[in-house]
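Let me begin by presenting the structure, written as structure tokens, before commenting on it.
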Amino acid sequence: MDSNKAIALFDSGVGGLTVVKEIYRQLPGEKIIYFGDTARFPYGPRPHEQVRRFVFEIMDFLLAQEIKALIIACNSATAAGLEYYRERTDLPLLGVIEPGVRAALARTKKGKVGVIGTQGTIESGAYLNVFRRLAPEMELYSQACPLFVLLVENDLINTPEARRVAEVYLSPLKEKKIDTLILGCTHYPLMADVIQEVMGPEVQLISSAEETARETRETMERQGLLNLSGTSDSRSRFFVSGPAGAFQELASKLLGESIKAYQVVLDHNNPLIRQE
Ligand code: DGL
């Protein structure tokens, strides 16, 4: 296996870019291929079977590229069935749920942890299952925050509306006096300032993006796949299922560098990439 190949990531939209950003920071030599399923965003309210079907289509597209690892940079897609995706490939495949739980367990002092995510992620019980396996004695409090992803995708992060929505969603978790809060959706680190303000400085926020990048680095090192020689020039390619322009604009802003995105029409046999 060639360490020079890219690491592929996907999400329903721009959320997975929080993982990309962390990969740039923690694995600066790596090339990235990113897919945002913007035409079918959001995944959160969709049935798991449907999300899995979307994931299989995206995997087929990404596995046809020159890649060495795949990151499901979406909690909703991870929660819908990481074990099913693992059956489809022998490449290292990482989800975003376990890394976040491990980090929370390492940092909580009182053993009172909260997790916020999309409706699909919270209702799946995926976080609860990992908690029960790794630390059955801990208390976990969950809260779905479905409007957060819409605020992020519509670039309304730092607005009074975002603050108000955060106050409403987070008040039950504040009452539980948690000391650690897992941002269980890859869109949420983009709202970290607002969430921190509402929760107060004593609550530690855990970004699944940061932890997933750390775990990716460990996996690449363990398997001798870490790219140490890559340069940061034209290291990334971005694909979306919806219109490329809107994504390109928001992604460039979030990543702090100008990127170019291509629209892909997913088709089993012959995916079509629109070059404009
Ligand atoms: N960023 C995604 C997640 O981590 C999902 C947002 C959505 O499509 O609902 O859950």
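Note on naming: chains are A, B, ... as they come in the structure tokens, residues start from 1 per chain, ligands start from 1 in the order shown.
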
Within-7 Å residues of ligand 1, basis only C-alpha atoms and all ligand atoms, as a PDB file with C-alpha atoms, in the first residue's frame:
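File produced: result30.pdb:
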ATOM      1  CA  ASP A  11     -20.067  14.043   5.468  1.00  0.00           C
ATOM      2  CA  SER A  12     -23.533  15.207   4.512  1.00  0.00           C
ATOM      3  CA  GLY A  13     -22.172  18.755   4.117  1.00  0.00           C
ATOM      4  CA  GLY A  15     -19.322  19.368   8.966  1.00  0.00           C
ATOM      5  CA  GLY A  16     -16.604  16.909   7.977  1.00  0.00           C
ATOM      6  CA  PHE A  41     -28.246  16.966   3.482  1.00  0.00           C
ATOM      7  CA  PRO A  42     -29.294  16.661   6.314  1.00  0.00           C
ATOM      8  CA  TYR A  43     -28.777  13.025   7.306  1.00  0.00           C
ATOM      9  CA  GLY A  44     -29.879  13.544  10.914  1.00  0.00           C
ATOM     10  CA  PRO A  45     -33.652  13.092  10.440  1.00  0.00           C
ATOM     11  CA  ALA A  73     -16.589  12.213   9.101  1.00  0.00           C
ATOM     12  CA  CYS A  74     -20.243  12.262  10.098  1.00  0.00           C
ATOM     13  CA  ASN A  75     -21.679  11.043  13.382  1.00  0.00           C
ATOM     14  CA  SER A  76     -25.099  10.372  11.865  1.00  0.00           C
ATOM     15  CA  ALA A  77     -23.592   8.129   9.184  1.00  0.00           C
ATOM     16  CA  GLY A 117     -25.855  15.302  18.157  1.00  0.00           C
ATOM     17  CA  THR A 118     -28.423  15.011  15.422  1.00  0.00           C
ATOM     18  CA  THR A 121     -27.260   9.945  16.210  1.00  0.00           C
ATOM     19  CA  VAL A 149     -26.509  21.829  11.448  1.00  0.00           C
ATOM     20  CA  GLY A 184     -21.319  14.461  18.695  1.00  0.00           C
ATOM     21  CA  CYS A 185     -21.809  15.953  15.247  1.00  0.00           C
ATOM     22  CA  THR A 186     -18.990  17.119  13.020  1.00  0.00           C
ATOM     23  CA  HIS A 187     -20.827  20.382  12.339  1.00  0.00           C
TER      24      HIS A 187
END

Counting only C-alpha atoms, what is within 9 Å of Ile23 of chain A, bar same-chain residues fewer than 4 positions away, as a PDB file with N, CA and C atoms, in the first residue's frame?
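Wrote result-v4.pdb, looks like this:
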ATOM      1  N   THR A  18     -14.420  19.998   9.590  1.00  0.00           N
ATOM      2  CA  THR A  18     -13.779  20.191  10.900  1.00  0.00           C
ATOM      3  C   THR A  18     -12.735  19.081  11.101  1.00  0.00           C
ATOM      4  N   VAL A  19     -13.019  17.892  10.556  1.00  0.00           N
ATOM      5  CA  VAL A  19     -12.035  16.799  10.637  1.00  0.00           C
ATOM      6  C   VAL A  19     -10.885  17.074   9.662  1.00  0.00           C
ATOM      7  N   LEU A  27      -1.723  15.922  10.649  1.00  0.00           N
ATOM      8  CA  LEU A  27      -1.059  15.073   9.646  1.00  0.00           C
ATOM      9  C   LEU A  27      -0.761  15.925   8.410  1.00  0.00           C
ATOM     10  N   PRO A  28       0.145  16.874   8.540  1.00  0.00           N
ATOM     11  CA  PRO A  28       0.313  17.885   7.490  1.00  0.00           C
ATOM     12  C   PRO A  28       0.786  17.345   6.142  1.00  0.00           C
ATOM     13  N   GLU A  30      -0.491  14.754   4.533  1.00  0.00           N
ATOM     14  CA  GLU A  30      -1.493  13.920   3.857  1.00  0.00           C
ATOM     15  C   GLU A  30      -2.290  14.656   2.781  1.00  0.00           C
ATOM     16  N   ILE A  32      -5.926  14.837   0.799  1.00  0.00           N
ATOM     17  CA  ILE A  32      -7.305  14.598   1.218  1.00  0.00           C
ATOM     18  C   ILE A  32      -8.231  14.547  -0.003  1.00  0.00           C
ATOM     19  N   ALA A 209     -13.846  15.868  15.969  1.00  0.00           N
ATOM     20  CA  ALA A 209     -12.930  16.116  14.844  1.00  0.00           C
ATOM     21  C   ALA A 209     -11.475  15.952  15.296  1.00  0.00           C
ATOM     22  N   GLU A 210     -11.157  16.603  16.401  1.00  0.00           N
ATOM     23  CA  GLU A 210      -9.788  16.547  16.923  1.00  0.00           C
ATOM     24  C   GLU A 210      -9.372  15.122  17.256  1.00  0.00           C
ATOM     25  N   THR A 212     -10.710  12.309  16.197  1.00  0.00           N
ATOM     26  CA  THR A 212     -10.672  11.420  15.033  1.00  0.00           C
ATOM     27  C   THR A 212      -9.363  11.608  14.268  1.00  0.00           C
ATOM     28  N   ALA A 213      -8.907  12.850  14.158  1.00  0.00           N
ATOM     29  CA  ALA A 213      -7.632  13.101  13.473  1.00  0.00           C
ATOM     30  C   ALA A 213      -6.493  12.419  14.238  1.00  0.00           C
ATOM     31  N   ARG A 214      -6.578  12.502  15.574  1.00  0.00           N
ATOM     32  CA  ARG A 214      -5.527  11.859  16.382  1.00  0.00           C
ATOM     33  C   ARG A 214      -5.527  10.341  16.134  1.00  0.00           C
ATOM     34  N   THR A 216      -6.656   8.824  13.527  1.00  0.00           N
ATOM     35  CA  THR A 216      -6.220   8.560  12.146  1.00  0.00           C
ATOM     36  C   THR A 216      -4.700   8.528  12.105  1.00  0.00           C
ATOM     37  N   ARG A 217      -4.084   9.459  12.790  1.00  0.00           N
ATOM     38  CA  ARG A 217      -2.617   9.495  12.814  1.00  0.00           C
ATOM     39  C   ARG A 217      -2.053   8.199  13.405  1.00  0.00           C
TER      40      ARG A 217
END

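All residues in segment 165-269 of chain A with a DSSP state of strand (DSSP E or B), computed from the backbone, read Thr180, Leu181, Ile182, Leu183, Gln204, Leu205, Ile206, Ser207, Ser236, Arg237, Phe238, Phe239, Val240, Ala261, Tyr262, Gln263, Val264 and Val265 of chain A.
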
Can you list, as a PyMOL selection string, all residues belonging to segment 60-274 of chain A that DSSP tags as alpha helix (DSSP H)?
chain A and resi 60-63+75-79+82-86+97-107+119-124+126-134+147-153+160-175+192-199+208-222+244-255

Quick one: residues within 10 Å of segment 150-158 of chain A, only C-alpha atoms, excluding same-chain residues fewer than 5 positions away - as a JSON list (two decimals) with N, CA and C atoms, in the first residue's frame?
[["chain", "number", "residue", "atom", "x", "y", "z"],
["A", 13, "GLY", "N", -22.38, 17.37, 4.56],
["A", 13, "GLY", "CA", -22.17, 18.75, 4.12],
["A", 13, "GLY", "C", -20.80, 19.25, 4.51],
["A", 14, "VAL", "N", -20.77, 20.43, 5.15],
["A", 14, "VAL", "CA", -19.46, 21.02, 5.51],
["A", 14, "VAL", "C", -18.93, 20.52, 6.85],
["A", 15, "GLY", "N", -19.74, 19.78, 7.62],
["A", 15, "GLY", "CA", -19.32, 19.37, 8.97],
["A", 15, "GLY", "C", -18.00, 18.61, 8.97],
["A", 38, "THR", "N", -24.17, 17.16, -0.23],
["A", 38, "THR", "CA", -24.99, 18.34, 0.00],
["A", 38, "THR", "C", -26.38, 18.26, -0.64],
["A", 41, "PHE", "N", -28.35, 16.45, 2.13],
["A", 41, "PHE", "CA", -28.25, 16.97, 3.48],
["A", 41, "PHE", "C", -29.64, 17.36, 3.96],
["A", 42, "PRO", "N", -30.03, 17.26, 5.21],
["A", 42, "PRO", "CA", -29.29, 16.66, 6.31],
["A", 42, "PRO", "C", -29.56, 15.16, 6.45],
["A", 163, "ARG", "N", -27.48, 31.69, 19.34],
["A", 163, "ARG", "CA", -27.31, 31.74, 20.80],
["A", 163, "ARG", "C", -28.61, 31.29, 21.51],
["A", 165, "VAL", "N", -31.07, 29.44, 20.25],
["A", 165, "VAL", "CA", -31.32, 28.00, 19.99],
["A", 165, "VAL", "C", -30.42, 27.18, 20.93],
["A", 187, "HIS", "N", -20.53, 18.96, 12.57],
["A", 187, "HIS", "CA", -20.83, 20.38, 12.34],
["A", 187, "HIS", "C", -20.62, 21.21, 13.61],
["A", 188, "TYR", "N", -20.75, 20.58, 14.77],
["A", 188, "TYR", "CA", -20.83, 21.35, 16.01],
["A", 188, "TYR", "C", -19.55, 22.07, 16.44],
["A", 189, "PRO", "N", -18.35, 21.53, 16.14],
["A", 189, "PRO", "CA", -17.16, 22.31, 16.52],
["A", 189, "PRO", "C", -17.18, 23.72, 15.92],
["A", 190, "LEU", "N", -17.92, 23.90, 14.83],
["A", 190, "LEU", "CA", -18.02, 25.23, 14.23],
["A", 190, "LEU", "C", -18.88, 26.15, 15.08],
["A", 191, "MET", "N", -19.64, 25.58, 16.01],
["A", 191, "MET", "CA", -20.45, 26.39, 16.93],
["A", 191, "MET", "C", -19.88, 26.36, 18.34],
["A", 192, "ALA", "N", -18.64, 25.93, 18.45],
["A", 192, "ALA", "CA", -18.05, 25.70, 19.78],
["A", 192, "ALA", "C", -18.09, 26.96, 20.65],
["A", 193, "ASP", "N", -17.86, 28.14, 20.07],
["A", 193, "ASP", "CA", -17.83, 29.36, 20.89],
["A", 193, "ASP", "C", -19.18, 29.59, 21.57],
["A", 194, "VAL", "N", -20.23, 29.48, 20.78],
["A", 194, "VAL", "CA", -21.58, 29.70, 21.32],
["A", 194, "VAL", "C", -21.90, 28.63, 22.38],
["A", 246, "ALA", "N", -21.90, 27.09, -3.82],
["A", 246, "ALA", "CA", -22.23, 27.44, -2.43],
["A", 246, "ALA", "C", -21.29, 26.74, -1.47],
["A", 247, "PHE", "N", -21.03, 25.46, -1.75],
["A", 247, "PHE", "CA", -20.12, 24.70, -0.89],
["A", 247, "PHE", "C", -18.73, 25.31, -0.91],
["A", 250, "LEU", "N", -18.51, 28.47, 1.27],
["A", 250, "LEU", "CA", -18.52, 28.25, 2.72],
["A", 250, "LEU", "C", -17.28, 27.45, 3.15],
["A", 251, "ALA", "N", -16.91, 26.45, 2.36],
["A", 251, "ALA", "CA", -15.75, 25.62, 2.71],
["A", 251, "ALA", "C", -14.47, 26.46, 2.74],
["A", 253, "LYS", "N", -14.22, 29.58, 3.41],
["A", 253, "LYS", "CA", -14.28, 30.41, 4.61],
["A", 253, "LYS", "C", -13.91, 29.57, 5.85],
["A", 254, "LEU", "N", -14.48, 28.38, 5.95],
["A", 254, "LEU", "CA", -14.25, 27.56, 7.13],
["A", 254, "LEU", "C", -12.82, 27.04, 7.20]]

Which neighbours of Ala69 of chain A fall inside 12 Å, counting only C-alpha atoms, when residues of the same chain fewer than 6 positions from it are skipped, and could you give them as a PyMOL selection string?
chain A and resi 1-10+30-34+59+62-63+86+89-95+216-217+219-220+223+225-226

Residues of segment 5-105 of chain A at most 10 Å from segment 172-181 of chain A: nearest atom pair and distance in Å, only C-alpha atoms, as a tab-separated table:
residue	atom	partner	partner_atom	distance
A:Gly100	CA	A:Leu181	CA	9.8
A:Val101	CA	A:Leu181	CA	9.9
A:Ala103	CA	A:Thr180	CA	9.8
A:Ala104	CA	A:Thr180	CA	6.5
A:Leu105	CA	A:Thr180	CA	8.9

With N, CA, C and O atoms retained, export the selected residues as a compact mmCIF listing (two decimals), in the first residue's frame.
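The file below, again_32.txt, is the result:
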# COMPACT_ATOMS: atom_id res chain seq x y z
N GLY A 100 -14.35 10.21 20.20
CA GLY A 100 -14.90 11.25 21.08
C GLY A 100 -15.19 10.70 22.47
O GLY A 100 -14.92 11.36 23.49
N VAL A 101 -15.72 9.49 22.52
CA VAL A 101 -16.04 8.90 23.83
C VAL A 101 -14.76 8.67 24.63
O VAL A 101 -14.68 9.01 25.81
N ALA A 103 -11.96 10.25 24.46
CA ALA A 103 -11.42 11.53 24.94
C ALA A 103 -12.23 12.03 26.13
O ALA A 103 -11.67 12.54 27.11
N ALA A 104 -13.54 11.88 26.07
CA ALA A 104 -14.39 12.35 27.17
C ALA A 104 -14.09 11.57 28.44
O ALA A 104 -14.00 12.14 29.54
N LEU A 105 -13.90 10.27 28.32
CA LEU A 105 -13.62 9.45 29.49
C LEU A 105 -12.28 9.82 30.12
O LEU A 105 -12.12 9.81 31.34

All residues 10 Å or closer to Lys260 of chain A, only C-alpha atoms, same chain fewer than 5 positions away omitted, as a PyMOL selection string:
chain A and resi 236-239+244-245+247-249+251-252

Limited to all heavy atoms, could you put the picked residues into a file as a PDB file, in the first residue's frame?
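Below you can see again-v3.pdb, which holds the result:
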ATOM      1  N   SER A 236      -5.592  18.701  -1.712  1.00  0.00           N
ATOM      2  CA  SER A 236      -6.954  18.241  -1.466  1.00  0.00           C
ATOM      3  C   SER A 236      -7.843  18.370  -2.690  1.00  0.00           C
ATOM      4  O   SER A 236      -7.665  19.278  -3.494  1.00  0.00           O
ATOM      5  CB  SER A 236      -7.575  19.073  -0.348  1.00  0.00           C
ATOM      6  OG  SER A 236      -6.750  19.040   0.767  1.00  0.00           O
ATOM      7  N   ARG A 237      -8.803  17.426  -2.775  1.00  0.00           N
ATOM      8  CA  ARG A 237      -9.828  17.548  -3.807  1.00  0.00           C
ATOM      9  C   ARG A 237     -11.188  17.448  -3.127  1.00  0.00           C
ATOM     10  O   ARG A 237     -11.387  16.612  -2.239  1.00  0.00           O
ATOM     11  CB  ARG A 237      -9.649  16.455  -4.855  1.00  0.00           C
ATOM     12  CG  ARG A 237      -8.525  16.847  -5.824  1.00  0.00           C
ATOM     13  CD  ARG A 237      -8.507  15.952  -7.019  1.00  0.00           C
ATOM     14  NE  ARG A 237      -8.093  14.629  -6.623  1.00  0.00           N
ATOM     15  CZ  ARG A 237      -8.472  13.521  -7.248  1.00  0.00           C
ATOM     16  NH1 ARG A 237      -9.294  13.583  -8.269  1.00  0.00           N
ATOM     17  NH2 ARG A 237      -8.040  12.344  -6.850  1.00  0.00           N
ATOM     18  N   PHE A 238     -12.095  18.305  -3.554  1.00  0.00           N
ATOM     19  CA  PHE A 238     -13.409  18.375  -2.906  1.00  0.00           C
ATOM     20  C   PHE A 238     -14.506  18.068  -3.915  1.00  0.00           C
ATOM     21  O   PHE A 238     -14.533  18.656  -5.006  1.00  0.00           O
ATOM     22  CB  PHE A 238     -13.633  19.777  -2.324  1.00  0.00           C
ATOM     23  CG  PHE A 238     -12.665  20.109  -1.227  1.00  0.00           C
ATOM     24  CD1 PHE A 238     -11.428  20.677  -1.517  1.00  0.00           C
ATOM     25  CD2 PHE A 238     -12.973  19.828   0.091  1.00  0.00           C
ATOM     26  CE1 PHE A 238     -10.522  20.966  -0.508  1.00  0.00           C
ATOM     27  CE2 PHE A 238     -12.063  20.113   1.112  1.00  0.00           C
ATOM     28  CZ  PHE A 238     -10.839  20.684   0.813  1.00  0.00           C
ATOM     29  N   PHE A 239     -15.398  17.151  -3.530  1.00  0.00           N
ATOM     30  CA  PHE A 239     -16.533  16.788  -4.382  1.00  0.00           C
ATOM     31  C   PHE A 239     -17.824  16.974  -3.586  1.00  0.00           C
ATOM     32  O   PHE A 239     -17.840  16.749  -2.375  1.00  0.00           O
ATOM     33  CB  PHE A 239     -16.422  15.329  -4.818  1.00  0.00           C
ATOM     34  CG  PHE A 239     -15.197  15.035  -5.627  1.00  0.00           C
ATOM     35  CD1 PHE A 239     -14.103  14.397  -5.050  1.00  0.00           C
ATOM     36  CD2 PHE A 239     -15.123  15.408  -6.970  1.00  0.00           C
ATOM     37  CE1 PHE A 239     -12.957  14.128  -5.787  1.00  0.00           C
ATOM     38  CE2 PHE A 239     -13.975  15.147  -7.713  1.00  0.00           C
ATOM     39  CZ  PHE A 239     -12.897  14.508  -7.126  1.00  0.00           C
ATOM     40  N   ALA A 244     -21.786  23.133  -6.717  1.00  0.00           N
ATOM     41  CA  ALA A 244     -20.433  23.290  -6.181  1.00  0.00           C
ATOM     42  C   ALA A 244     -20.190  24.683  -5.580  1.00  0.00           C
ATOM     43  O   ALA A 244     -19.481  24.825  -4.591  1.00  0.00           O
ATOM     44  CB  ALA A 244     -19.408  23.015  -7.270  1.00  0.00           C
ATOM     45  N   GLY A 245     -20.821  25.723  -6.172  1.00  0.00           N
ATOM     46  CA  GLY A 245     -20.507  27.105  -5.803  1.00  0.00           C
ATOM     47  C   GLY A 245     -20.722  27.421  -4.333  1.00  0.00           C
ATOM     48  O   GLY A 245     -19.825  27.960  -3.674  1.00  0.00           O
ATOM     49  N   PHE A 247     -21.027  25.464  -1.749  1.00  0.00           N
ATOM     50  CA  PHE A 247     -20.121  24.698  -0.887  1.00  0.00           C
ATOM     51  C   PHE A 247     -18.729  25.308  -0.906  1.00  0.00           C
ATOM     52  O   PHE A 247     -18.088  25.478   0.130  1.00  0.00           O
ATOM     53  CB  PHE A 247     -20.053  23.240  -1.355  1.00  0.00           C
ATOM     54  CG  PHE A 247     -19.077  22.401  -0.575  1.00  0.00           C
ATOM     55  CD1 PHE A 247     -19.470  21.779   0.601  1.00  0.00           C
ATOM     56  CD2 PHE A 247     -17.765  22.251  -0.997  1.00  0.00           C
ATOM     57  CE1 PHE A 247     -18.560  21.019   1.340  1.00  0.00           C
ATOM     58  CE2 PHE A 247     -16.852  21.489  -0.274  1.00  0.00           C
ATOM     59  CZ  PHE A 247     -17.253  20.869   0.894  1.00  0.00           C
ATOM     60  N   GLN A 248     -18.285  25.612  -2.123  1.00  0.00           N
ATOM     61  CA  GLN A 248     -16.945  26.161  -2.313  1.00  0.00           C
ATOM     62  C   GLN A 248     -16.743  27.419  -1.467  1.00  0.00           C
ATOM     63  O   GLN A 248     -15.726  27.592  -0.813  1.00  0.00           O
ATOM     64  CB  GLN A 248     -16.830  26.528  -3.776  1.00  0.00           C
ATOM     65  CG  GLN A 248     -15.453  26.512  -4.332  1.00  0.00           C
ATOM     66  CD  GLN A 248     -15.546  26.538  -5.847  1.00  0.00           C
ATOM     67  OE1 GLN A 248     -15.552  25.502  -6.483  1.00  0.00           O
ATOM     68  NE2 GLN A 248     -15.665  27.724  -6.400  1.00  0.00           N
ATOM     69  N   GLU A 249     -17.756  28.262  -1.474  1.00  0.00           N
ATOM     70  CA  GLU A 249     -17.672  29.525  -0.751  1.00  0.00           C
ATOM     71  C   GLU A 249     -17.570  29.303   0.761  1.00  0.00           C
ATOM     72  O   GLU A 249     -16.680  29.818   1.427  1.00  0.00           O
ATOM     73  CB  GLU A 249     -18.923  30.331  -1.072  1.00  0.00           C
ATOM     74  CG  GLU A 249     -18.736  31.817  -0.931  1.00  0.00           C
ATOM     75  CD  GLU A 249     -19.994  32.524  -1.409  1.00  0.00           C
ATOM     76  OE1 GLU A 249     -20.351  32.381  -2.601  1.00  0.00           O
ATOM     77  OE2 GLU A 249     -20.619  33.169  -0.564  1.00  0.00           O
ATOM     78  N   ALA A 251     -16.908  26.452   2.364  1.00  0.00           N
ATOM     79  CA  ALA A 251     -15.749  25.616   2.714  1.00  0.00           C
ATOM     80  C   ALA A 251     -14.473  26.459   2.744  1.00  0.00           C
ATOM     81  O   ALA A 251     -13.639  26.304   3.638  1.00  0.00           O
ATOM     82  CB  ALA A 251     -15.602  24.468   1.722  1.00  0.00           C
ATOM     83  N   SER A 252     -14.327  27.374   1.786  1.00  0.00           N
ATOM     84  CA  SER A 252     -13.124  28.219   1.745  1.00  0.00           C
ATOM     85  C   SER A 252     -13.059  29.071   3.011  1.00  0.00           C
ATOM     86  O   SER A 252     -12.004  29.243   3.622  1.00  0.00           O
ATOM     87  CB  SER A 252     -13.142  29.137   0.526  1.00  0.00           C
ATOM     88  OG  SER A 252     -13.148  28.371  -0.653  1.00  0.00           O
TER      89      SER A 252
END

Find the residue from A:Leu183, A:Val113, A:Val264, A:Ala106 that sits nearest to Ala144 of chain A; use only C-alpha atoms when measuring.
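When distances to Ala144 of chain A are compared using only C-alpha atoms, the smallest one comes from A:Leu183.
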
Kindly indicate which residue among A:Pro243, A:Ala39, A:Ile206, A:Leu17 lies nearest to Gln263 of chain A, using only C-alpha atoms for the distances.
A:Pro243

Report, in Å with one decimal, the straight-line distance from atom CA of Tyr85 of chain A to atom CA of Arg46 of chain A.
17.5 Å

Nearest residue to Ile195 of chain A from the set A:Arg222, A:Lys21, A:Arg102, A:Arg164 (distances using only C-alpha atoms):
A:Arg164

Min atom-atom distance to Ala80 of chain A from the set A:Met199, A:Ile97, A:Val51, A:Ile58, counting only C-alpha atoms, belongs to A:Val51

Quick one: pull the distance between atom CA of Ile182 of chain A and atom CA of Ile71 of chain A, Å, one decimal.
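Value for the atom CA of Ile182 of chain A-atom CA of Ile71 of chain A distance: 18.6 Å.
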